[in-house]
file run_35.tsv (TSV, C-alpha atoms)
chain	number	residue	atom	x	y	z
Q	1	MET	CA	36.09	13.81	-55.31
Q	2	SER	CA	34.00	12.82	-52.30
Q	3	ARG	CA	31.16	10.35	-51.91
Q	4	ILE	CA	28.12	12.32	-50.74
Q	5	ILE	CA	24.74	11.05	-49.57
Q	6	VAL	CA	21.81	13.44	-50.03
Q	7	THR	CA	18.67	12.31	-48.26
Q	8	GLY	CA	15.56	13.68	-49.93
Q	9	GLY	CA	17.50	14.08	-53.16
Q	10	SER	CA	14.35	13.88	-55.28
Q	11	GLY	CA	12.77	16.91	-53.60
Q	12	ARG	CA	12.47	20.52	-54.69
Q	13	LEU	CA	15.68	21.51	-52.91
Q	14	GLY	CA	17.31	18.09	-53.15
Q	15	ARG	CA	17.37	18.02	-56.96
Q	16	SER	CA	19.37	21.24	-57.11
Q	17	VAL	CA	21.69	20.19	-54.30
Q	18	VAL	CA	22.42	16.92	-56.11
Q	19	ALA	CA	23.01	18.74	-59.42
Q	20	VAL	CA	25.41	21.28	-57.87
Q	21	LEU	CA	27.41	18.59	-56.06
Q	22	ALA	CA	27.61	16.36	-59.14
Q	23	GLU	CA	28.73	19.29	-61.30
Q	24	ALA	CA	31.48	19.99	-58.78
Q	25	GLY	CA	32.78	16.46	-59.31
Q	26	HIS	CA	31.39	14.68	-56.26
Q	27	GLU	CA	29.95	11.18	-56.46
Q	28	VAL	CA	26.40	11.68	-55.26
Q	29	PHE	CA	23.91	9.15	-53.88
Q	30	SER	CA	20.29	10.22	-53.52
Q	31	LEU	CA	18.26	8.45	-50.83
Q	32	ASP	CA	14.56	9.08	-51.30
Q	33	ARG	CA	11.22	7.27	-51.44
Q	34	THR	CA	10.81	8.33	-55.08
Q	35	ARG	CA	13.01	8.40	-58.16
Q	36	VAL	CA	13.22	11.31	-60.64
Q	37	GLU	CA	14.39	11.24	-64.22
Q	38	GLY	CA	17.73	12.78	-65.10
Q	39	LEU	CA	19.08	13.18	-61.58
Q	40	PRO	CA	22.91	13.06	-61.75
Q	41	ALA	CA	23.24	10.65	-58.86
Q	42	GLU	CA	22.87	7.00	-58.02
Q	43	GLN	CA	19.30	6.88	-56.78
Q	44	ILE	CA	18.51	4.53	-53.94
Q	45	VAL	CA	14.77	4.20	-53.36
Q	46	VAL	CA	14.32	3.74	-49.62
Q	47	ASP	CA	12.10	4.74	-46.73
Q	48	LEU	CA	14.59	5.91	-44.12
Q	49	SER	CA	11.97	5.63	-41.39
Q	50	GLU	CA	12.01	1.83	-41.69
Q	51	GLU	CA	14.08	0.03	-39.09
Q	52	GLY	CA	17.63	-0.57	-40.30
Q	53	ALA	CA	17.07	1.03	-43.73
Q	54	ALA	CA	19.38	3.99	-43.19
Q	55	ALA	CA	22.11	1.88	-41.62
Q	56	ALA	CA	22.08	-0.53	-44.57
Q	57	CYS	CA	22.26	2.27	-47.17
Q	58	PHE	CA	25.05	4.09	-45.37
Q	59	GLU	CA	27.02	0.88	-44.95
Q	60	ARG	CA	26.71	0.23	-48.68
Q	61	VAL	CA	27.75	3.75	-49.75
Q	62	ARG	CA	30.30	4.57	-47.01
Q	63	PRO	CA	29.92	8.32	-47.61
Q	64	ASP	CA	32.50	10.98	-46.85
Q	65	GLY	CA	29.78	13.57	-46.34
Q	66	VAL	CA	26.03	13.60	-45.75
Q	67	VAL	CA	23.37	16.22	-46.52
Q	68	HIS	CA	20.11	15.51	-44.72
Q	69	LEU	CA	17.08	17.09	-46.40
Q	70	ALA	CA	14.48	14.32	-46.04
Q	71	ALA	CA	11.60	15.46	-43.83
Q	72	VAL	CA	7.96	16.44	-43.71
Q	73	ALA	CA	8.69	19.61	-45.66
Q	74	VAL	CA	5.47	21.64	-45.43
Q	75	PRO	CA	3.96	22.96	-42.17
Q	76	PHE	CA	0.51	21.53	-41.41
Q	77	SER	CA	0.71	18.97	-44.23
Q	78	GLU	CA	0.66	16.15	-41.65
Q	79	PRO	CA	-0.80	15.88	-38.15
Q	80	ASP	CA	1.34	17.79	-35.65
Q	81	ARG	CA	2.54	14.76	-33.74
Q	82	ALA	CA	3.49	12.92	-36.92
Q	83	THR	CA	5.42	15.91	-38.27
Q	84	PHE	CA	7.45	16.28	-35.10
Q	85	ALA	CA	8.09	12.56	-34.73
Q	86	THR	CA	9.09	12.04	-38.36
Q	87	ASN	CA	11.44	15.00	-38.62
Q	88	THR	CA	13.24	14.42	-35.35
Q	89	ASP	CA	13.50	10.65	-35.77
Q	90	LEU	CA	14.89	10.95	-39.31
Q	91	ALA	CA	17.54	13.43	-38.19
Q	92	TRP	CA	18.58	11.21	-35.28
Q	93	THR	CA	18.68	8.15	-37.54
Q	94	VAL	CA	20.87	9.90	-40.11
Q	95	LEU	CA	23.23	11.17	-37.40
Q	96	GLU	CA	23.65	7.65	-36.00
Q	97	ALA	CA	24.20	6.19	-39.47
Q	98	SER	CA	26.78	8.86	-40.32
Q	99	LEU	CA	28.73	8.14	-37.15
Q	100	ALA	CA	28.55	4.38	-37.67
Q	101	VAL	CA	30.26	4.52	-41.08
Q	102	GLY	CA	32.80	7.19	-40.17
Q	103	ALA	CA	31.46	10.01	-42.35
Q	104	ALA	CA	33.50	13.17	-41.96
Q	105	SER	CA	30.67	15.70	-42.15
Q	106	LEU	CA	26.89	16.01	-41.80
Q	107	LEU	CA	24.79	19.03	-42.78
Q	108	ILE	CA	21.10	19.07	-41.76
Q	109	ALA	CA	18.33	21.31	-43.07
Q	110	SER	CA	16.44	23.40	-40.54
Q	111	SER	CA	14.02	26.27	-41.31
Q	112	PRO	CA	13.54	30.01	-40.68
Q	113	THR	CA	10.21	29.09	-39.04
Q	114	VAL	CA	12.11	28.42	-35.78
Q	115	ILE	CA	12.04	32.21	-35.31
Q	116	GLY	CA	8.29	32.07	-34.67
Q	117	TYR	CA	6.81	34.52	-37.16
Q	118	GLY	CA	3.07	34.15	-37.77
Q	119	SER	CA	2.29	33.02	-34.24
Q	120	PRO	CA	-1.47	33.22	-33.51
Q	121	SER	CA	-0.66	34.82	-30.14
Q	122	GLY	CA	1.36	37.56	-31.80
Q	123	TRP	CA	4.99	37.96	-32.82
Q	124	GLU	CA	7.39	40.83	-33.25
Q	125	PRO	CA	11.04	40.60	-34.29
Q	126	ALA	CA	13.61	41.68	-31.73
Q	127	TYR	CA	15.44	43.44	-34.55
Q	128	LEU	CA	15.80	43.47	-38.33
Q	129	PRO	CA	17.34	41.97	-40.31
Q	130	ILE	CA	17.06	38.70	-38.40
Q	131	ASP	CA	20.27	36.73	-38.04
Q	132	GLU	CA	21.34	33.53	-36.28
Q	133	ARG	CA	21.48	35.23	-32.87
Q	134	HIS	CA	17.80	36.16	-32.93
Q	135	PRO	CA	15.63	34.43	-30.29
Q	136	ARG	CA	13.79	31.34	-31.49
Q	137	ALA	CA	10.12	30.86	-30.63
Q	138	PRO	CA	8.50	28.00	-32.60
Q	139	TRP	CA	4.72	27.82	-32.31
Q	140	ASN	CA	3.86	24.74	-34.41
Q	141	SER	CA	5.15	21.19	-34.62
Q	142	TYR	CA	7.04	21.76	-37.87
Q	143	ALA	CA	9.03	24.68	-36.47
Q	144	LEU	CA	9.52	22.85	-33.17
Q	145	SER	CA	10.90	19.82	-35.02
Q	146	LYS	CA	13.41	22.06	-36.79
Q	147	LEU	CA	14.48	23.63	-33.51
Q	148	ALA	CA	14.99	20.13	-32.13
Q	149	VAL	CA	17.12	19.30	-35.17
Q	150	GLU	CA	19.29	22.36	-34.53
Q	151	GLU	CA	19.74	21.28	-30.91
Q	152	LEU	CA	20.64	17.79	-32.13
Q	153	VAL	CA	23.37	19.34	-34.29
Q	154	ALA	CA	24.66	21.34	-31.33
Q	155	MET	CA	24.65	18.22	-29.14
Q	156	ALA	CA	26.52	16.22	-31.78
Q	157	ALA	CA	29.17	18.93	-32.01
Q	158	ARG	CA	29.72	18.71	-28.27
Q	159	ARG	CA	29.54	14.92	-28.05
Q	160	ASP	CA	31.01	13.77	-31.35
Q	161	GLY	CA	33.12	16.72	-32.45
Q	162	ASP	CA	36.29	14.64	-32.51
Q	163	ARG	CA	34.69	12.31	-35.07
Q	164	LEU	CA	32.20	14.37	-37.08
Q	165	ARG	CA	31.80	17.91	-38.36
Q	166	VAL	CA	28.14	18.92	-38.17
Q	167	GLY	CA	26.11	21.94	-39.19
Q	168	ALA	CA	22.57	23.14	-39.81
Q	169	PHE	CA	21.18	25.58	-42.33
Q	170	ARG	CA	17.89	27.43	-42.60
Q	171	PRO	CA	17.05	27.73	-46.29
Q	172	CYS	CA	14.47	30.40	-46.97
Q	173	TYR	CA	11.38	29.70	-49.11
Q	174	VAL	CA	12.93	27.49	-51.81
Q	175	ILE	CA	12.16	28.26	-55.43
Q	176	ALA	CA	13.19	25.50	-57.84
Q	177	PRO	CA	14.39	26.39	-61.37
Q	178	GLU	CA	11.17	25.22	-63.05
Q	179	GLU	CA	9.11	27.43	-60.74
Q	180	TRP	CA	10.59	30.56	-62.28
Q	181	GLU	CA	9.09	29.29	-65.55
Q	182	GLY	CA	5.58	29.00	-64.11
Q	183	ALA	CA	5.44	25.66	-62.29
Q	184	GLU	CA	3.56	25.78	-59.01
Q	185	THR	CA	5.55	26.43	-55.84
Q	186	GLN	CA	5.33	24.51	-52.58
Q	187	GLN	CA	2.17	26.40	-51.60
Q	188	GLY	CA	0.31	25.60	-54.83
Q	189	HIS	CA	0.58	28.96	-56.54
Q	190	THR	CA	3.18	30.42	-58.90
Q	191	VAL	CA	6.00	32.85	-58.17
Q	192	ARG	CA	4.25	35.49	-60.24
Q	193	GLN	CA	1.09	35.06	-58.17
Q	194	ARG	CA	3.21	35.40	-55.05
Q	195	LEU	CA	4.53	38.72	-56.34
Q	196	ASP	CA	1.16	39.95	-57.58
Q	197	ASP	CA	-0.45	39.22	-54.20
Q	198	PRO	CA	2.08	40.21	-51.50
Q	199	ALA	CA	-0.04	38.61	-48.78
Q	200	LEU	CA	0.99	35.20	-50.09
Q	201	SER	CA	4.65	35.94	-49.40
Q	202	ALA	CA	4.12	38.08	-46.30
Q	203	VAL	CA	3.39	34.97	-44.24
Q	204	ALA	CA	7.05	34.02	-44.72
Q	205	LEU	CA	8.26	37.62	-44.31
Q	206	PHE	CA	8.92	37.79	-48.05
Q	207	ASN	CA	11.91	35.45	-47.74
Q	208	TYR	CA	13.07	33.14	-50.53
Q	209	VAL	CA	16.13	31.50	-52.05
Q	210	ASP	CA	16.84	29.96	-55.43
Q	211	ALA	CA	17.38	26.22	-54.99
Q	212	ARG	CA	20.61	26.38	-57.01
Q	213	ASP	CA	22.02	29.06	-54.71
Q	214	ALA	CA	21.13	26.88	-51.72
Q	215	GLY	CA	22.95	24.05	-53.51
Q	216	ASP	CA	26.03	26.25	-53.78
Q	217	PHE	CA	25.87	26.86	-50.03
Q	218	VAL	CA	25.75	23.11	-49.39
Q	219	ARG	CA	28.76	22.53	-51.66
Q	220	LEU	CA	30.80	25.23	-49.93
Q	221	TRP	CA	29.88	23.92	-46.49
Q	222	LEU	CA	30.94	20.38	-47.36
Q	223	GLU	CA	34.21	21.59	-48.83
Q	224	GLN	CA	35.03	23.74	-45.79
Q	225	ALA	CA	33.39	21.79	-42.95
Q	226	ALA	CA	36.71	20.81	-41.41
Q	227	THR	CA	37.64	24.46	-40.78
Q	228	LEU	CA	34.25	25.84	-39.69
Q	229	PRO	CA	33.13	26.24	-36.07
Q	230	ASN	CA	31.52	22.88	-35.40
Q	231	GLY	CA	27.76	22.89	-34.92
Q	232	THR	CA	27.12	26.26	-36.58
Q	233	THR	CA	23.67	27.13	-37.93
Q	234	PHE	CA	23.32	29.40	-40.99
Q	235	PHE	CA	20.54	31.37	-42.64
Q	236	VAL	CA	20.57	30.88	-46.42
Q	237	GLY	CA	18.47	33.31	-48.42
Q	238	ALA	CA	18.38	35.81	-51.24
Q	239	HIS	CA	19.75	39.28	-50.57
Q	240	ASP	CA	16.40	40.87	-51.46
Q	241	SER	CA	12.74	40.12	-50.75
Q	242	LEU	CA	10.02	38.47	-52.82
Q	243	VAL	CA	7.94	41.64	-53.14
Q	244	THR	CA	7.81	44.45	-55.69
Q	245	ALA	CA	7.15	47.25	-53.19
Q	246	PRO	CA	9.90	48.66	-50.95
Q	247	LEU	CA	10.36	46.20	-48.11
Q	248	PRO	CA	9.56	48.66	-45.25
Q	249	ASP	CA	6.27	49.56	-46.96
Q	250	ALA	CA	5.38	45.91	-47.55
Q	251	LEU	CA	6.07	45.02	-43.93
Q	252	ALA	CA	4.08	47.98	-42.62
Q	253	GLN	CA	1.06	46.94	-44.71
Q	254	HIS	CA	1.13	43.17	-44.39
Q	255	VAL	CA	3.15	42.45	-41.21
Q	256	PRO	CA	2.45	45.46	-38.98
Q	257	ALA	CA	4.31	44.01	-35.99
Q	258	ALA	CA	7.52	44.08	-38.03
Q	259	GLY	CA	6.81	47.39	-39.71
Q	260	GLY	CA	8.32	49.54	-36.97
Q	261	HIS	CA	11.86	48.29	-37.50
Q	262	ALA	CA	14.23	50.03	-39.90
Q	263	ILE	CA	15.37	47.92	-42.85
Q	264	ALA	CA	16.72	48.58	-46.33
Q	265	ALA	CA	14.13	49.10	-49.07
Q	266	ASP	CA	15.76	46.44	-51.27
Q	267	GLY	CA	16.95	44.19	-48.45
Q	268	ALA	CA	15.85	40.93	-46.87
Q	269	VAL	CA	14.29	40.23	-43.48
Q	270	PHE	CA	16.71	37.35	-42.90
Q	271	SER	CA	20.45	37.99	-43.05
Q	272	SER	CA	22.84	35.51	-44.68
Q	273	HIS	CA	25.89	37.52	-43.64
Q	274	LEU	CA	27.31	34.68	-41.54
Q	275	ALA	CA	27.39	32.36	-44.56
Q	276	GLU	CA	29.15	35.05	-46.54
Q	277	GLU	CA	31.63	35.74	-43.76
Q	278	LEU	CA	32.56	32.13	-42.96
Q	279	LEU	CA	32.05	30.44	-46.33
Q	280	GLY	CA	32.30	33.17	-48.92
Q	281	TRP	CA	28.77	32.25	-50.07
Q	282	ARG	CA	26.61	34.82	-51.81
Q	283	PRO	CA	23.31	34.20	-53.63
Q	284	ARG	CA	23.68	34.83	-57.35
Q	285	ARG	CA	20.01	34.79	-58.34
Q	286	SER	CA	16.92	36.81	-57.48
Q	287	TRP	CA	13.39	37.17	-58.82
Q	288	ARG	CA	14.67	40.22	-60.68
Q	289	THR	CA	17.13	38.09	-62.67
Q	290	GLU	CA	15.08	34.91	-63.01
Q	291	LEU	CA	11.51	36.10	-63.62
Q	292	ARG	CA	10.22	38.49	-66.28
Q	293	MET	CA	7.74	40.83	-64.65
Q	294	PRO	CA	4.44	41.83	-66.27
Q	295	GLU	CA	4.08	45.43	-67.41
Q	296	GLN	CA	1.12	46.02	-65.11
Q	297	PRO	CA	1.34	43.97	-61.89
Q	298	ALA	CA	-1.88	43.35	-60.04
Q	299	ALA	CA	-2.85	45.64	-57.18
Q	300	PRO	CA	-1.42	44.45	-53.84
Q	301	SER	CA	-3.68	42.67	-51.40
Q	302	SER	CA	-4.73	44.35	-48.15
Q	303	ARG	CA	-4.69	41.11	-46.19
Q	304	THR	CA	-2.37	40.84	-43.23
Q	305	ILE	CA	-0.20	38.01	-42.00
Q	306	SER	CA	-2.90	36.78	-39.61
Q	307	GLU	CA	-5.35	36.23	-42.45
Q	308	VAL	CA	-3.24	33.85	-44.54
Q	309	GLU	CA	-2.00	30.35	-43.75
Q	310	LEU	CA	1.65	30.24	-42.70
Q	311	ALA	CA	4.08	29.46	-45.56

call {"tool": "encode", "arguments": {"input": "run_35.tsv", "output": "structure tokens"}}
result
Amino acid sequence: MSRIIVTGGSGRLGRSVVAVLAEAGHEVFSLDRTRVEGLPAEQIVVDLSEEGAAAACFERVRPDGVVHLAAVAVPFSEPDRATFATNTDLAWTVLEASLAVGAASLLIASSPTVIGYGSPSGWEPAYLPIDERHPRAPWNSYALSKLAVEELVAMAARRDGDRLRVGAFRPCYVIAPEEWEGAETQQGHTVRQRLDDPALSAVALFNYVDARDAGDFVRLWLEQAATLPNGTTFFVGAHDSLVTAPLPDALAQHVPAAGGHAIAADGAVFSSHLAEELLGWRPRRSWRTELRMPEQPAAPSSRTISEVELA
């Protein structure tokens, strides 16, 4: 059993990560500004942006591993400069705190938005499905902050690789367990609404992942960090897309710039093959297994990616 710190453990992804790690027998400590009922972890209410707060918590816990999820989690929810400053400073602070207490491993959350889809100046994928080798082209402060976090991970692997195993992962659009039951998602609408109106999901290229599956990825990474290539970044997503129509048709209608690339009808725009190859991770849940579909889904929207706010 390892002692694991999860920053942002009260969040939509954090709650499932904590639950998966606790179920696997790890002693979990959630560091967050809020507390949630029933979380199987010792909850430490703290603002990690305050001077010395992270160092004090890490010194108290002395973790073996760290999962850093705390961040401004929604693009455009804060002013651009604040989003970039908060996300990069938190990641740097957690890296320093992990090194100071001799943690063995640190996994940091990035985002698929580093790829640059939805850019107002136009965007087209180099190829489909998109994997970790695809060029990155962030066009907003949120995506830029996540690219900076990935570069921080790469730097730490080069600089601190003899002391710390580090990695980054790009979880797709996270759907928490209660959201399959009708709770609102991060964008303020339900999963069923997202399926009924494909334009809502097109802005994220129809990507998604069940929070529990993402938690399984985190568990596997922590358990195998010592043998993985240090500093590796992974995509983590479902093997299908959050759309009822065949994926090529949905892309052609709602994301025309991506519609000219061949891709499987029941596939995903983002590939998680690397996680499967190196970790043996495979998503076990999809909207087809978790959500009962209505008999007569609503007609699809004709809006395109440029007409809807980026998810």

call {"tool": "atom_distance", "arguments": {"input": "run_35.tsv", "atom1": "atom CA of Q:His254", "atom2": "atom CA of Q:Ala168"}}
result
29.7 Å

call {"tool": "residues_around", "arguments": {"input": "run_35.tsv", "residues": "Q:Arg292", "least_positions_apart": "6", "cutoff": "12 Å", "atoms": "all atoms listed in the file", "output": "PyMOL selection string"}}
result
chain Q and resi 180-182+191-192+195+286

call {"tool": "closest_residue", "arguments": {"input": "run_35.tsv", "among": "Q:Val17, Q:Val149, Q:Cys172, Q:Ala156", "to": "Q:Trp221", "atoms": "only C-alpha atoms"}}
result
Q:Val17

call {"tool": "residues_around", "arguments": {"input": "run_35.tsv", "residues": "Q:Pro40", "least_positions_apart": "3", "cutoff": "12 Å", "atoms": "only C-alpha atoms", "output": "VMD selection string"}}
result
chain Q and resid 6 9 to 10 14 to 30 35 to 37 43

call {"tool": "atom_distance", "arguments": {"input": "run_35.tsv", "atom1": "atom CA of Q:Gly38", "atom2": "atom CA of Q:Val236"}}
result
26.2 Å

call {"tool": "closest_residue", "arguments": {"input": "run_35.tsv", "among": "Q:Ala154, Q:Cys57, Q:Ala258, Q:Ile263", "to": "Q:Ala202", "atoms": "all atoms listed in the file"}}
result
Q:Ala258

call {"tool": "closest_residue", "arguments": {"input": "run_35.tsv", "among": "Q:Glu78, Q:Asp131, Q:Glu178, Q:Glu150", "to": "Q:Thr232", "atoms": "all atoms listed in the file"}}
result
Q:Glu150

call {"tool": "residues_around", "arguments": {"input": "run_35.tsv", "residues": "Q:Arg282", "least_positions_apart": "3", "cutoff": "8 Å", "atoms": "only C-alpha atoms", "output": "VMD selection string"}}
result
chain Q and resid 213 275 to 276

call {"tool": "write_last_selection", "arguments": {"input": "run_35.tsv", "atoms": "C-alpha atoms", "output": "tab-separated table (two decimals), in the frame of the given file"}}
result
chain	number	residue	atom	x	y	z
Q	213	ASP	CA	22.02	29.06	-54.71
Q	275	ALA	CA	27.39	32.36	-44.56
Q	276	GLU	CA	29.15	35.05	-46.54

call {"tool": "atom_distance", "arguments": {"input": "run_35.tsv", "atom1": "atom CA of Q:Pro256", "atom2": "atom CA of Q:Val114"}}
result
19.8 Å

call {"tool": "closest_residue", "arguments": {"input": "run_35.tsv", "among": "Q:Glu96, Q:Glu132, Q:Asp47, Q:Asp80", "to": "Q:Leu274", "atoms": "all atoms listed in the file"}}
result
Q:Glu132

call {"tool": "closest_residue", "arguments": {"input": "run_35.tsv", "among": "Q:Leu200, Q:Ala97, Q:Ile115, Q:Val45", "to": "Q:Leu164", "atoms": "only C-alpha atoms"}}
result
Q:Ala97

call {"tool": "residues_around", "arguments": {"input": "run_35.tsv", "residues": "Q:Asp160", "least_positions_apart": "2", "cutoff": "12 Å", "atoms": "all atoms listed in the file", "output": "PyMOL selection string"}}
result
chain Q and resi 95-96+98-100+102-106+152-158+162-166+230-231

call {"tool": "closest_residue", "arguments": {"input": "run_35.tsv", "among": "Q:Pro125, Q:Thr113, Q:Gly167, Q:Asp196", "to": "Q:Leu147", "atoms": "only C-alpha atoms"}}
result
Q:Thr113

call {"tool": "residues_around", "arguments": {"input": "run_35.tsv", "residues": "Q:Phe206", "least_positions_apart": "6", "cutoff": "8 Å", "atoms": "only C-alpha atoms", "output": "PyMOL selection string"}}
result
chain Q and resi 241-243+268-269

call {"tool": "residues_near_point", "arguments": {"input": "run_35.tsv", "point": "(8.6, 17.2, -39.1)", "cutoff": "9 Å", "atoms": "only C-alpha atoms", "output": "list of chain:residue names"}}
result
Q:Ala71, Q:Val72, Q:Ala73, Q:Val74, Q:Pro75, Q:Glu78, Q:Asp80, Q:Arg81, Q:Ala82, Q:Thr83, Q:Phe84, Q:Ala85, Q:Thr86, Q:Asn87, Q:Thr88, Q:Asp89, Q:Leu90, Q:Ser141, Q:Tyr142, Q:Ala143, Q:Leu144, Q:Ser145, Q:Lys146
